Amino acid sequence: MSKIVILGAGISGHVAASHLRRKLDKIHEVVVVSPNSNYQWIPSNIWVGVGRMKSKDILFPLAPLYKKKGIGFKQAKVTSFFPEGDSETEKPFVMAEYVSEEKRGETEKITYDYLINATGPKLNFEATEGLNPGTNKAYSVCTYTHADHAWQGLSALIEEMKRGKEARIVIGTGHAKATCQGAAFEYILNVEQELRRQKVRDKAKITWISNEYQLGDFGMDGMLLSYGSNIMKSHEMVEMVFEDRGIEWILGSGVNKIEDGIAHYENLDGEHKNIEFDFAMLIPSFSGHGFKAFDKSNQDITEKLFKGFMLVDSDYTPKPYEEWTVQDWPETYQNPNYKNIFAPGIAFAPPHSISKPRKSPNGTEIFPAPPRTGMPSGITAKLVADNIIDSIKQQKESLDHKGSMGNMGAACIASAGFGMTKGSGISITTFPIVPDYKKYPDTMGRKLGKTFGEIGLAGHWLKLALHYAFIYKAKMRPFWYLIPE
Amino acid sequence: MTRRISNFKRFVMMNPIIQFFKFIFLSIKVLLIVAGGHGGTRETGY
């Protein structure tokens, strides 16, 4: 029998656990280790952040589901990795510390035959001085609790605006190398629509602030897309939407400090500026969790497993932007030093950014980190699970399932406002996620037919349909596996 | 110069009947792109 341990129960970890459990005999053990007691459908956080959904609508407790499905669950956080075991334990293991009420503070060696590191990112608020969700009038929508706080802050401001207050709202990225611009993009459009619904739009000045060089970069270097009968660049599409909604924008800016109602930032011209606000939602930078790894004799081997995030089958050779290729990107998400360890989703260390790196004259790097959230997280988790399943069944290493972000499509169904008749959505699909400039040299590295944008009510319906479909799938209801990642 | 959304375009974007058909079209197109497969890039002719 084999024991597969999955660290993390987000999109990536939960997808891997559910596929492993469905396809493997019960003699094999599947164990999830996560500090979170709930599964949350993160893409719907933006609706919690504008009060159009309750956090209970986007989450459910993991323990009862895992018990019913025969998946082991330990509510604990991993502190260190021992991929060779130690002097007392022959098998590889991870050291975990329980965070659940009944076992809080207890530690356990969790042994494994295969390990899936799906711990996602650490929300690195500390990297920006004063950026702490719910303080200094700055908020986040990265988790459902953050989104709840954001709605409390926004609704209080709306009440003041109803009494005549003029307000400045700033939404975007809170660090020079933050990613996940898509979430901030959705949130700014939803906030704008909520202000209109509450009839206070004329009282607010709304500003987008981002580390992107151009609007619509989204950490993917922008894209050329088909829009109806037109072909346009993503920055033209986003400019069109912002212009239509009366949203101003500040680009190429790395926020480096937050004070009460003031965001300080440096731009690509090297200027240090600030912007005042009454409410801000700023996405923090993402980082690895700072895990340590040790060999059998307790020597530190962290560099064999981690480079911030976990090392996988990427080409990490440092080289200039002009020499980057899609082949640098990983295909199997297997650690090169320990072949029974995998890191799908956000947990893997990308070989480099997708957007062109840019520096201010002061040497500050200001450009988005590459996104790996949502759909790529699910797809890479499933292929890792499938390779482990094949390896167990064939009793030899099998890596037939591959999925490079340079040969994978993604759909970003961005909400632009909630409502069955007044809602809106911006649906953008991209193929491939990492541009392949050799294969598609004339279309900015993307296949045009599969890279398109649509704006309208249908996008909102689609996003809502995906919300219900993916929660159904995550709850492992009948035929859940027929819904693709 | 920034493009503008015309009144006709806005009508199309928010008309529930037109958007219902758009919803069907979008759902199928997104499904085909997402479920349309993925693979490696290091072998020739991927």
# chains A, B, ... in the order shown; residues from 1 in each chain; ligands from 1
>>> closest_atom_pairs(of="chain A", to="chain B", cutoff="6 Å", atoms="only C-alpha atoms", output="tab-separated table")
residue	atom	partner	partner_atom	distance
A:Met240	CA	B:Arg3	CA	5.3
A:Gln327	CA	B:Arg42	CA	5.7
A:Glu331	CA	B:Gly40	CA	5.5
A:Lys402	CA	B:Gly39	CA	4.7
A:Gly403	CA	B:Gly39	CA	4.3
A:Ser404	CA	B:Gly40	CA	5.1
A:Asn407	CA	B:His38	CA	5.6
A:Met408	CA	B:His38	CA	4.8
A:Gly409	CA	B:Val34	CA	5.6
A:Gly456	CA	B:Met13	CA	4.2
A:Leu457	CA	B:Met14	CA	5.4
A:Ala458	CA	B:Phe23	CA	4.7
>>> select_by_dssp(residues="segment 34-183 of chain A", states="helix (DSSP H, G or I)", output="NGL selection string")
:A and (42-48 or 55-58 or 62-69 or 101-103 or 125-127 or 144-162 or 181-183)
>>> residues_around(residues="Pro484 of chain A", least_positions_apart="4", cutoff="10 Å", atoms="only C-alpha atoms", output="NGL selection string")
(:A and (375 or 378-379 or 382 or 469-470 or 473 or 480)) or (:B and (31 or 34-35))
>>> write_last_selection(atoms="N, CA, C and O atoms", output="PDB file, in the first residue's frame")
ATOM      1  N   MET A 375      -7.612  28.120 -12.425  1.00  0.00           N
ATOM      2  CA  MET A 375      -7.626  26.989 -13.350  1.00  0.00           C
ATOM      3  C   MET A 375      -6.281  26.258 -13.484  1.00  0.00           C
ATOM      4  O   MET A 375      -6.248  25.027 -13.389  1.00  0.00           O
ATOM      5  N   GLY A 378      -5.798  23.904 -10.559  1.00  0.00           N
ATOM      6  CA  GLY A 378      -6.591  22.673 -10.637  1.00  0.00           C
ATOM      7  C   GLY A 378      -6.023  21.692 -11.656  1.00  0.00           C
ATOM      8  O   GLY A 378      -5.896  20.490 -11.382  1.00  0.00           O
ATOM      9  N   ILE A 379      -5.650  22.206 -12.823  1.00  0.00           N
ATOM     10  CA  ILE A 379      -5.144  21.327 -13.894  1.00  0.00           C
ATOM     11  C   ILE A 379      -3.826  20.673 -13.474  1.00  0.00           C
ATOM     12  O   ILE A 379      -3.634  19.464 -13.639  1.00  0.00           O
ATOM     13  N   LYS A 382      -4.372  17.967 -10.859  1.00  0.00           N
ATOM     14  CA  LYS A 382      -4.952  16.727 -11.388  1.00  0.00           C
ATOM     15  C   LYS A 382      -3.887  15.896 -12.116  1.00  0.00           C
ATOM     16  O   LYS A 382      -3.829  14.677 -11.979  1.00  0.00           O
ATOM     17  N   ALA A 469     -21.055  25.345  -9.848  1.00  0.00           N
ATOM     18  CA  ALA A 469     -20.508  24.092 -10.392  1.00  0.00           C
ATOM     19  C   ALA A 469     -19.270  23.654  -9.616  1.00  0.00           C
ATOM     20  O   ALA A 469     -19.123  22.468  -9.274  1.00  0.00           O
ATOM     21  N   PHE A 470     -18.389  24.596  -9.306  1.00  0.00           N
ATOM     22  CA  PHE A 470     -17.138  24.212  -8.637  1.00  0.00           C
ATOM     23  C   PHE A 470     -17.347  23.901  -7.153  1.00  0.00           C
ATOM     24  O   PHE A 470     -16.610  23.089  -6.594  1.00  0.00           O
ATOM     25  N   LYS A 473     -18.636  20.430  -7.330  1.00  0.00           N
ATOM     26  CA  LYS A 473     -17.502  19.538  -7.595  1.00  0.00           C
ATOM     27  C   LYS A 473     -16.649  19.345  -6.328  1.00  0.00           C
ATOM     28  O   LYS A 473     -16.274  18.225  -5.995  1.00  0.00           O
ATOM     29  N   TRP A 480     -19.159  14.432  -9.839  1.00  0.00           N
ATOM     30  CA  TRP A 480     -18.361  15.665  -9.719  1.00  0.00           C
ATOM     31  C   TRP A 480     -17.184  15.684 -10.668  1.00  0.00           C
ATOM     32  O   TRP A 480     -16.775  16.723 -11.174  1.00  0.00           O
TER      33      TRP A 480
ATOM     34  N   LEU B  31     -15.394  25.831 -22.331  1.00  0.00           N
ATOM     35  CA  LEU B  31     -15.223  24.399 -22.050  1.00  0.00           C
ATOM     36  C   LEU B  31     -14.246  23.766 -23.052  1.00  0.00           C
ATOM     37  O   LEU B  31     -13.368  22.993 -22.679  1.00  0.00           O
ATOM     38  N   VAL B  34     -10.665  25.005 -22.261  1.00  0.00           N
ATOM     39  CA  VAL B  34     -10.129  24.501 -21.001  1.00  0.00           C
ATOM     40  C   VAL B  34      -9.984  22.989 -21.019  1.00  0.00           C
ATOM     41  O   VAL B  34      -8.962  22.437 -20.595  1.00  0.00           O
ATOM     42  N   ALA B  35     -11.034  22.310 -21.517  1.00  0.00           N
ATOM     43  CA  ALA B  35     -10.990  20.845 -21.518  1.00  0.00           C
ATOM     44  C   ALA B  35     -10.337  20.329 -22.801  1.00  0.00           C
ATOM     45  O   ALA B  35     -10.261  19.123 -23.021  1.00  0.00           O
TER      46      ALA B  35
END
>>> residues_around(residues="segment 439-455 of chain A", least_positions_apart="2", cutoff="9 Å", atoms="only C-alpha atoms", output="mmCIF file with N, CA and C atoms, in the first residue's frame")
data_model
loop_
_atom_site.group_PDB
_atom_site.id
_atom_site.type_symbol
_atom_site.label_atom_id
_atom_site.label_comp_id
_atom_site.auth_asym_id
_atom_site.auth_seq_id
_atom_site.Cartn_x
_atom_site.Cartn_y
_atom_site.Cartn_z
ATOM 1 N N GLY A 222 0.201 40.845 -20.894
ATOM 2 C CA GLY A 222 -0.894 41.276 -21.757
ATOM 3 C C GLY A 222 -1.159 40.255 -22.840
ATOM 4 N N MET A 223 -2.075 40.566 -23.733
ATOM 5 C CA MET A 223 -2.371 39.619 -24.813
ATOM 6 C C MET A 223 -3.091 40.322 -25.952
ATOM 7 N N LEU A 224 -2.938 39.738 -27.114
ATOM 8 C CA LEU A 224 -3.709 40.188 -28.270
ATOM 9 C C LEU A 224 -4.915 39.280 -28.314
ATOM 10 N N LEU A 225 -6.107 39.847 -28.366
ATOM 11 C CA LEU A 225 -7.282 38.980 -28.322
ATOM 12 C C LEU A 225 -8.337 39.419 -29.329
ATOM 13 N N SER A 226 -9.185 38.454 -29.680
ATOM 14 C CA SER A 226 -10.294 38.808 -30.555
ATOM 15 C C SER A 226 -11.464 39.236 -29.678
ATOM 16 N N TYR A 227 -12.098 40.338 -30.080
ATOM 17 C CA TYR A 227 -13.239 40.866 -29.337
ATOM 18 C C TYR A 227 -14.316 41.181 -30.374
ATOM 19 N N GLY A 228 -15.331 40.311 -30.448
ATOM 20 C CA GLY A 228 -16.318 40.429 -31.527
ATOM 21 C C GLY A 228 -15.605 40.300 -32.857
ATOM 22 N N ILE A 231 -9.874 42.837 -33.430
ATOM 23 C CA ILE A 231 -8.714 42.260 -32.736
ATOM 24 C C ILE A 231 -8.076 43.406 -31.972
ATOM 25 N N SER A 234 -5.113 43.549 -24.887
ATOM 26 C CA SER A 234 -5.863 43.518 -23.622
ATOM 27 C C SER A 234 -5.861 44.886 -22.951
ATOM 28 N N MET A 237 -8.723 46.871 -24.220
ATOM 29 C CA MET A 237 -10.015 46.428 -23.689
ATOM 30 C C MET A 237 -10.235 46.944 -22.259
ATOM 31 N N GLY A 409 -4.480 26.180 -21.783
ATOM 32 C CA GLY A 409 -5.357 27.346 -21.888
ATOM 33 C C GLY A 409 -5.908 27.708 -20.518
ATOM 34 N N ALA A 416 -17.750 41.815 -13.338
ATOM 35 C CA ALA A 416 -17.660 43.276 -13.442
ATOM 36 C C ALA A 416 -18.851 43.922 -12.751
ATOM 37 N N SER A 424 -22.574 42.141 -14.801
ATOM 38 C CA SER A 424 -21.739 42.127 -15.998
ATOM 39 C C SER A 424 -20.490 41.304 -15.720
ATOM 40 N N GLY A 425 -19.900 40.809 -16.767
ATOM 41 C CA GLY A 425 -18.674 40.039 -16.602
ATOM 42 C C GLY A 425 -17.772 40.243 -17.808
ATOM 43 N N ILE A 426 -16.498 40.108 -17.588
ATOM 44 C CA ILE A 426 -15.533 40.204 -18.680
ATOM 45 C C ILE A 426 -14.877 38.835 -18.787
ATOM 46 N N SER A 427 -15.196 38.141 -19.864
ATOM 47 C CA SER A 427 -14.684 36.781 -20.043
ATOM 48 C C SER A 427 -13.482 36.845 -20.975
ATOM 49 N N ILE A 428 -12.353 36.400 -20.466
ATOM 50 C CA ILE A 428 -11.137 36.381 -21.285
ATOM 51 C C ILE A 428 -10.564 34.971 -21.247
ATOM 52 N N THR A 429 -10.316 34.402 -22.403
ATOM 53 C CA THR A 429 -9.594 33.127 -22.420
ATOM 54 C C THR A 429 -8.229 33.370 -23.070
ATOM 55 N N THR A 430 -7.275 32.586 -22.637
ATOM 56 C CA THR A 430 -5.905 32.740 -23.140
ATOM 57 C C THR A 430 -5.322 31.372 -23.449
ATOM 58 N N PHE A 431 -4.710 31.244 -24.597
ATOM 59 C CA PHE A 431 -3.978 30.017 -24.910
ATOM 60 C C PHE A 431 -2.722 30.378 -25.690
ATOM 61 N N PRO A 432 -1.558 29.980 -25.212
ATOM 62 C CA PRO A 432 -1.291 29.415 -23.892
ATOM 63 C C PRO A 432 -1.143 30.514 -22.843
ATOM 64 N N ILE A 433 -1.059 30.086 -21.575
ATOM 65 C CA ILE A 433 -0.929 31.073 -20.488
ATOM 66 C C ILE A 433 0.428 31.782 -20.599
ATOM 67 N N VAL A 434 1.490 30.984 -20.755
ATOM 68 C CA VAL A 434 2.819 31.561 -20.984
ATOM 69 C C VAL A 434 2.966 31.735 -22.505
ATOM 70 N N PRO A 435 3.179 32.966 -22.973
ATOM 71 C CA PRO A 435 3.223 33.165 -24.426
ATOM 72 C C PRO A 435 4.352 32.387 -25.094
ATOM 73 N N ASP A 436 4.028 31.791 -26.235
ATOM 74 C CA ASP A 436 5.009 31.037 -27.009
ATOM 75 C C ASP A 436 5.307 31.851 -28.273
ATOM 76 N N TYR A 437 6.358 32.672 -28.156
ATOM 77 C CA TYR A 437 6.646 33.618 -29.243
ATOM 78 C C TYR A 437 7.189 32.928 -30.489
ATOM 79 N N LEU A 457 -23.561 40.754 -19.756
ATOM 80 C CA LEU A 457 -24.330 40.062 -18.725
ATOM 81 C C LEU A 457 -24.019 38.563 -18.691
ATOM 82 N N ALA A 458 -23.787 37.983 -19.885
ATOM 83 C CA ALA A 458 -23.523 36.540 -19.961
ATOM 84 C C ALA A 458 -22.294 36.168 -19.131
ATOM 85 N N GLY A 459 -21.328 37.068 -19.074
ATOM 86 C CA GLY A 459 -20.112 36.805 -18.294
ATOM 87 C C GLY A 459 -20.428 36.657 -16.819
ATOM 88 N N MET B 13 -24.726 44.192 -24.781
ATOM 89 C CA MET B 13 -24.096 43.639 -23.567
ATOM 90 C C MET B 13 -25.104 43.333 -22.468
ATOM 91 N N LEU B 26 -20.572 31.095 -24.946
ATOM 92 C CA LEU B 26 -19.379 31.263 -24.098
ATOM 93 C C LEU B 26 -19.075 29.996 -23.307
ATOM 94 N N LYS B 29 -17.533 27.489 -25.624
ATOM 95 C CA LYS B 29 -16.198 27.899 -26.072
ATOM 96 C C LYS B 29 -15.167 27.775 -24.938
ATOM 97 N N VAL B 30 -15.553 28.223 -23.746
ATOM 98 C CA VAL B 30 -14.633 28.126 -22.603
ATOM 99 C C VAL B 30 -14.341 26.665 -22.290
ATOM 100 N N ILE B 33 -11.864 25.230 -24.762
ATOM 101 C CA ILE B 33 -10.485 25.712 -24.568
ATOM 102 C C ILE B 33 -9.866 25.081 -23.325
#
>>> closest_residue(among="A:Trp208, A:Trp47, A:Phe60, A:Tyr187", to="Ser253 of chain A", atoms="only C-alpha atoms")
A:Trp208
>>> atom_distance(atom1="atom CA of Ala63 of chain A", atom2="atom CA of Asn387 of chain A")
26.0 Å
>>> residues_around(residues="Met281 of chain A", least_positions_apart="2", cutoff="10 Å", atoms="only C-alpha atoms", output="compact mmCIF listing (two decimals) with all heavy atoms, in the first residue's frame")
# COMPACT_ATOMS: atom_id res chain seq x y z
N GLY A 49 -16.75 40.59 -0.66
CA GLY A 49 -16.15 41.91 -0.39
C GLY A 49 -17.03 43.09 -0.80
O GLY A 49 -16.72 44.23 -0.45
N LEU A 131 0.85 47.53 5.57
CA LEU A 131 -0.23 46.84 4.84
C LEU A 131 -0.65 45.63 5.67
O LEU A 131 -0.02 44.58 5.66
CB LEU A 131 0.24 46.40 3.45
CG LEU A 131 -0.83 45.73 2.57
CD1 LEU A 131 -1.97 46.68 2.26
CD2 LEU A 131 -0.23 45.21 1.27
N PRO A 133 -4.39 43.80 6.60
CA PRO A 133 -5.80 43.92 6.26
C PRO A 133 -6.66 44.41 7.43
O PRO A 133 -6.58 43.87 8.53
CB PRO A 133 -6.22 42.50 5.87
CG PRO A 133 -4.99 41.70 5.79
CD PRO A 133 -3.86 42.46 6.37
N GLY A 134 -7.44 45.43 7.15
CA GLY A 134 -8.34 45.96 8.17
C GLY A 134 -7.74 47.11 8.97
O GLY A 134 -8.40 47.67 9.84
N LYS A 137 -7.14 51.78 6.94
CA LYS A 137 -8.20 51.90 5.91
C LYS A 137 -7.90 51.03 4.68
O LYS A 137 -8.46 51.24 3.61
CB LYS A 137 -8.42 53.34 5.47
CG LYS A 137 -8.80 54.30 6.60
CD LYS A 137 -9.26 55.65 6.03
CE LYS A 137 -9.58 56.64 7.12
NZ LYS A 137 -8.46 57.51 7.48
N ALA A 138 -6.93 50.12 4.82
CA ALA A 138 -6.58 49.23 3.69
C ALA A 138 -7.07 47.82 3.99
O ALA A 138 -6.99 47.34 5.11
CB ALA A 138 -5.07 49.23 3.48
N TYR A 139 -7.60 47.16 2.96
CA TYR A 139 -8.21 45.85 3.13
C TYR A 139 -7.68 44.88 2.06
O TYR A 139 -6.90 45.26 1.19
CB TYR A 139 -9.75 45.97 3.01
CG TYR A 139 -10.35 46.83 4.10
CD1 TYR A 139 -10.43 48.22 3.95
CD2 TYR A 139 -10.80 46.27 5.28
CE1 TYR A 139 -10.97 49.01 4.95
CE2 TYR A 139 -11.34 47.06 6.30
CZ TYR A 139 -11.42 48.43 6.12
OH TYR A 139 -11.95 49.22 7.12
N SER A 140 -8.13 43.63 2.18
CA SER A 140 -7.74 42.58 1.24
C SER A 140 -8.99 41.74 0.95
O SER A 140 -9.94 41.76 1.75
CB SER A 140 -6.64 41.72 1.88
OG SER A 140 -6.71 40.39 1.44
N VAL A 141 -9.00 41.03 -0.16
CA VAL A 141 -10.08 40.06 -0.40
C VAL A 141 -9.48 38.68 -0.68
O VAL A 141 -10.08 37.84 -1.33
CB VAL A 141 -11.02 40.48 -1.57
CG1 VAL A 141 -11.87 41.67 -1.18
CG2 VAL A 141 -10.25 40.74 -2.86
N CYS A 142 -8.27 38.46 -0.15
CA CYS A 142 -7.56 37.21 -0.45
C CYS A 142 -8.16 36.00 0.27
O CYS A 142 -7.96 34.87 -0.15
CB CYS A 142 -6.08 37.35 -0.12
SG CYS A 142 -5.24 38.50 -1.22
N ALA A 147 -12.28 39.33 3.13
CA ALA A 147 -13.36 39.90 2.31
C ALA A 147 -14.50 40.40 3.19
O ALA A 147 -15.11 41.44 2.89
CB ALA A 147 -13.86 38.85 1.32
N ALA A 150 -13.39 43.65 4.47
CA ALA A 150 -13.42 44.66 3.40
C ALA A 150 -14.84 45.19 3.22
O ALA A 150 -15.05 46.40 3.07
CB ALA A 150 -12.91 44.06 2.09
N LEU A 154 -16.11 48.95 3.56
CA LEU A 154 -16.74 49.62 2.42
C LEU A 154 -18.16 50.06 2.76
O LEU A 154 -18.57 51.18 2.42
CB LEU A 154 -16.75 48.67 1.21
CG LEU A 154 -17.31 49.26 -0.08
CD1 LEU A 154 -16.47 50.43 -0.57
CD2 LEU A 154 -17.40 48.19 -1.18
N ILE A 169 -11.34 56.06 -3.42
CA ILE A 169 -11.17 54.61 -3.26
C ILE A 169 -10.02 54.17 -4.16
O ILE A 169 -9.98 54.52 -5.35
CB ILE A 169 -12.48 53.88 -3.63
CG1 ILE A 169 -13.55 54.20 -2.57
CG2 ILE A 169 -12.27 52.37 -3.74
CD1 ILE A 169 -14.93 53.70 -2.89
N VAL A 170 -9.08 53.44 -3.59
CA VAL A 170 -7.91 52.98 -4.34
C VAL A 170 -7.86 51.46 -4.30
O VAL A 170 -7.93 50.86 -3.22
CB VAL A 170 -6.61 53.57 -3.74
CG1 VAL A 170 -5.37 52.98 -4.41
CG2 VAL A 170 -6.60 55.08 -3.87
N ILE A 171 -7.78 50.84 -5.46
CA ILE A 171 -7.76 49.37 -5.52
C ILE A 171 -6.67 48.93 -6.51
O ILE A 171 -6.50 49.54 -7.57
CB ILE A 171 -9.16 48.83 -5.95
CG1 ILE A 171 -10.18 49.12 -4.82
CG2 ILE A 171 -9.10 47.33 -6.24
CD1 ILE A 171 -11.61 48.87 -5.19
N GLY A 172 -5.96 47.88 -6.14
CA GLY A 172 -4.92 47.37 -7.05
C GLY A 172 -3.93 46.50 -6.32
O GLY A 172 -4.30 45.68 -5.47
N THR A 173 -2.64 46.69 -6.62
CA THR A 173 -1.60 45.85 -6.02
C THR A 173 -0.86 46.62 -4.92
O THR A 173 -0.57 47.80 -5.08
CB THR A 173 -0.59 45.37 -7.08
OG1 THR A 173 -0.10 46.49 -7.81
CG2 THR A 173 -1.23 44.39 -8.04
N GLY A 174 -0.53 45.91 -3.86
CA GLY A 174 0.08 46.56 -2.70
C GLY A 174 1.57 46.32 -2.58
O GLY A 174 2.16 46.51 -1.51
N ALA A 184 -8.04 41.95 -8.15
CA ALA A 184 -8.21 43.39 -7.89
C ALA A 184 -9.04 44.04 -8.99
O ALA A 184 -9.87 44.92 -8.73
CB ALA A 184 -6.83 44.05 -7.79
N TYR A 187 -12.56 43.25 -8.36
CA TYR A 187 -13.07 43.95 -7.18
C TYR A 187 -13.35 45.42 -7.49
O TYR A 187 -14.38 45.95 -7.08
CB TYR A 187 -12.08 43.82 -6.01
CG TYR A 187 -12.68 44.25 -4.70
CD1 TYR A 187 -13.80 43.61 -4.18
CD2 TYR A 187 -12.16 45.32 -3.98
CE1 TYR A 187 -14.37 44.00 -2.99
CE2 TYR A 187 -12.72 45.72 -2.78
CZ TYR A 187 -13.83 45.06 -2.29
OH TYR A 187 -14.41 45.47 -1.11
N ILE A 188 -12.47 46.06 -8.26
CA ILE A 188 -12.69 47.49 -8.53
C ILE A 188 -13.98 47.69 -9.34
O ILE A 188 -14.75 48.62 -9.09
CB ILE A 188 -11.46 48.14 -9.23
CG1 ILE A 188 -11.50 49.66 -9.09
CG2 ILE A 188 -11.35 47.75 -10.68
CD1 ILE A 188 -10.20 50.36 -9.51
N TRP A 208 -7.31 52.96 -9.88
CA TRP A 208 -6.60 51.68 -10.00
C TRP A 208 -5.12 51.97 -9.87
O TRP A 208 -4.59 52.84 -10.57
CB TRP A 208 -6.91 51.07 -11.36
CG TRP A 208 -6.11 49.87 -11.77
CD1 TRP A 208 -5.07 49.85 -12.64
CD2 TRP A 208 -6.31 48.51 -11.38
NE1 TRP A 208 -4.60 48.56 -12.80
CE2 TRP A 208 -5.35 47.72 -12.04
CE3 TRP A 208 -7.22 47.88 -10.51
CZ2 TRP A 208 -5.26 46.33 -11.87
CZ3 TRP A 208 -7.13 46.51 -10.36
CH2 TRP A 208 -6.16 45.75 -11.03
N PHE A 279 -10.69 54.35 1.41
CA PHE A 279 -10.83 52.89 1.42
C PHE A 279 -9.89 52.36 0.35
O PHE A 279 -9.86 52.88 -0.77
CB PHE A 279 -12.28 52.48 1.09
CG PHE A 279 -12.48 50.99 0.94
CD1 PHE A 279 -12.85 50.21 2.03
CD2 PHE A 279 -12.31 50.37 -0.29
CE1 PHE A 279 -13.03 48.83 1.89
CE2 PHE A 279 -12.49 49.00 -0.44
CZ PHE A 279 -12.85 48.23 0.65
N ILE A 283 -3.72 44.06 -3.12
CA ILE A 283 -3.27 42.67 -3.08
C ILE A 283 -1.81 42.65 -2.62
O ILE A 283 -0.97 43.35 -3.20
CB ILE A 283 -3.38 42.03 -4.49
CG1 ILE A 283 -4.83 42.10 -5.01
CG2 ILE A 283 -2.84 40.60 -4.49
CD1 ILE A 283 -5.79 41.10 -4.46
N PRO A 284 -1.49 41.83 -1.61
CA PRO A 284 -0.09 41.78 -1.14
C PRO A 284 0.76 40.95 -2.10
O PRO A 284 0.24 40.29 -3.00
CB PRO A 284 -0.22 41.06 0.20
CG PRO A 284 -1.38 40.13 0.00
CD PRO A 284 -2.34 40.86 -0.90
>>> atom_distance(atom1="atom CA of Pro83 of chain A", atom2="atom CA of Ser100 of chain A")
25.3 Å
>>> atom_distance(atom1="atom CA of Pro351 of chain A", atom2="atom CA of Ser80 of chain A")
23.4 Å
>>> residues_around(residues="Gly219 of chain A", least_positions_apart="6", cutoff="7 Å", atoms="only C-alpha atoms", output="compact mmCIF listing (two decimals) with C-alpha atoms, in the first residue's frame")
# COMPACT_ATOMS: atom_id res chain seq x y z
CA THR A 179 0.47 39.23 -8.69
CA ILE A 354 5.91 36.11 -17.64
CA SER A 355 5.67 39.90 -17.82
CA PRO A 368 3.92 41.54 -11.72
CA ALA A 369 4.93 38.05 -10.60
CA PRO A 370 3.42 35.25 -12.72
CA PRO A 371 -0.11 34.13 -11.81
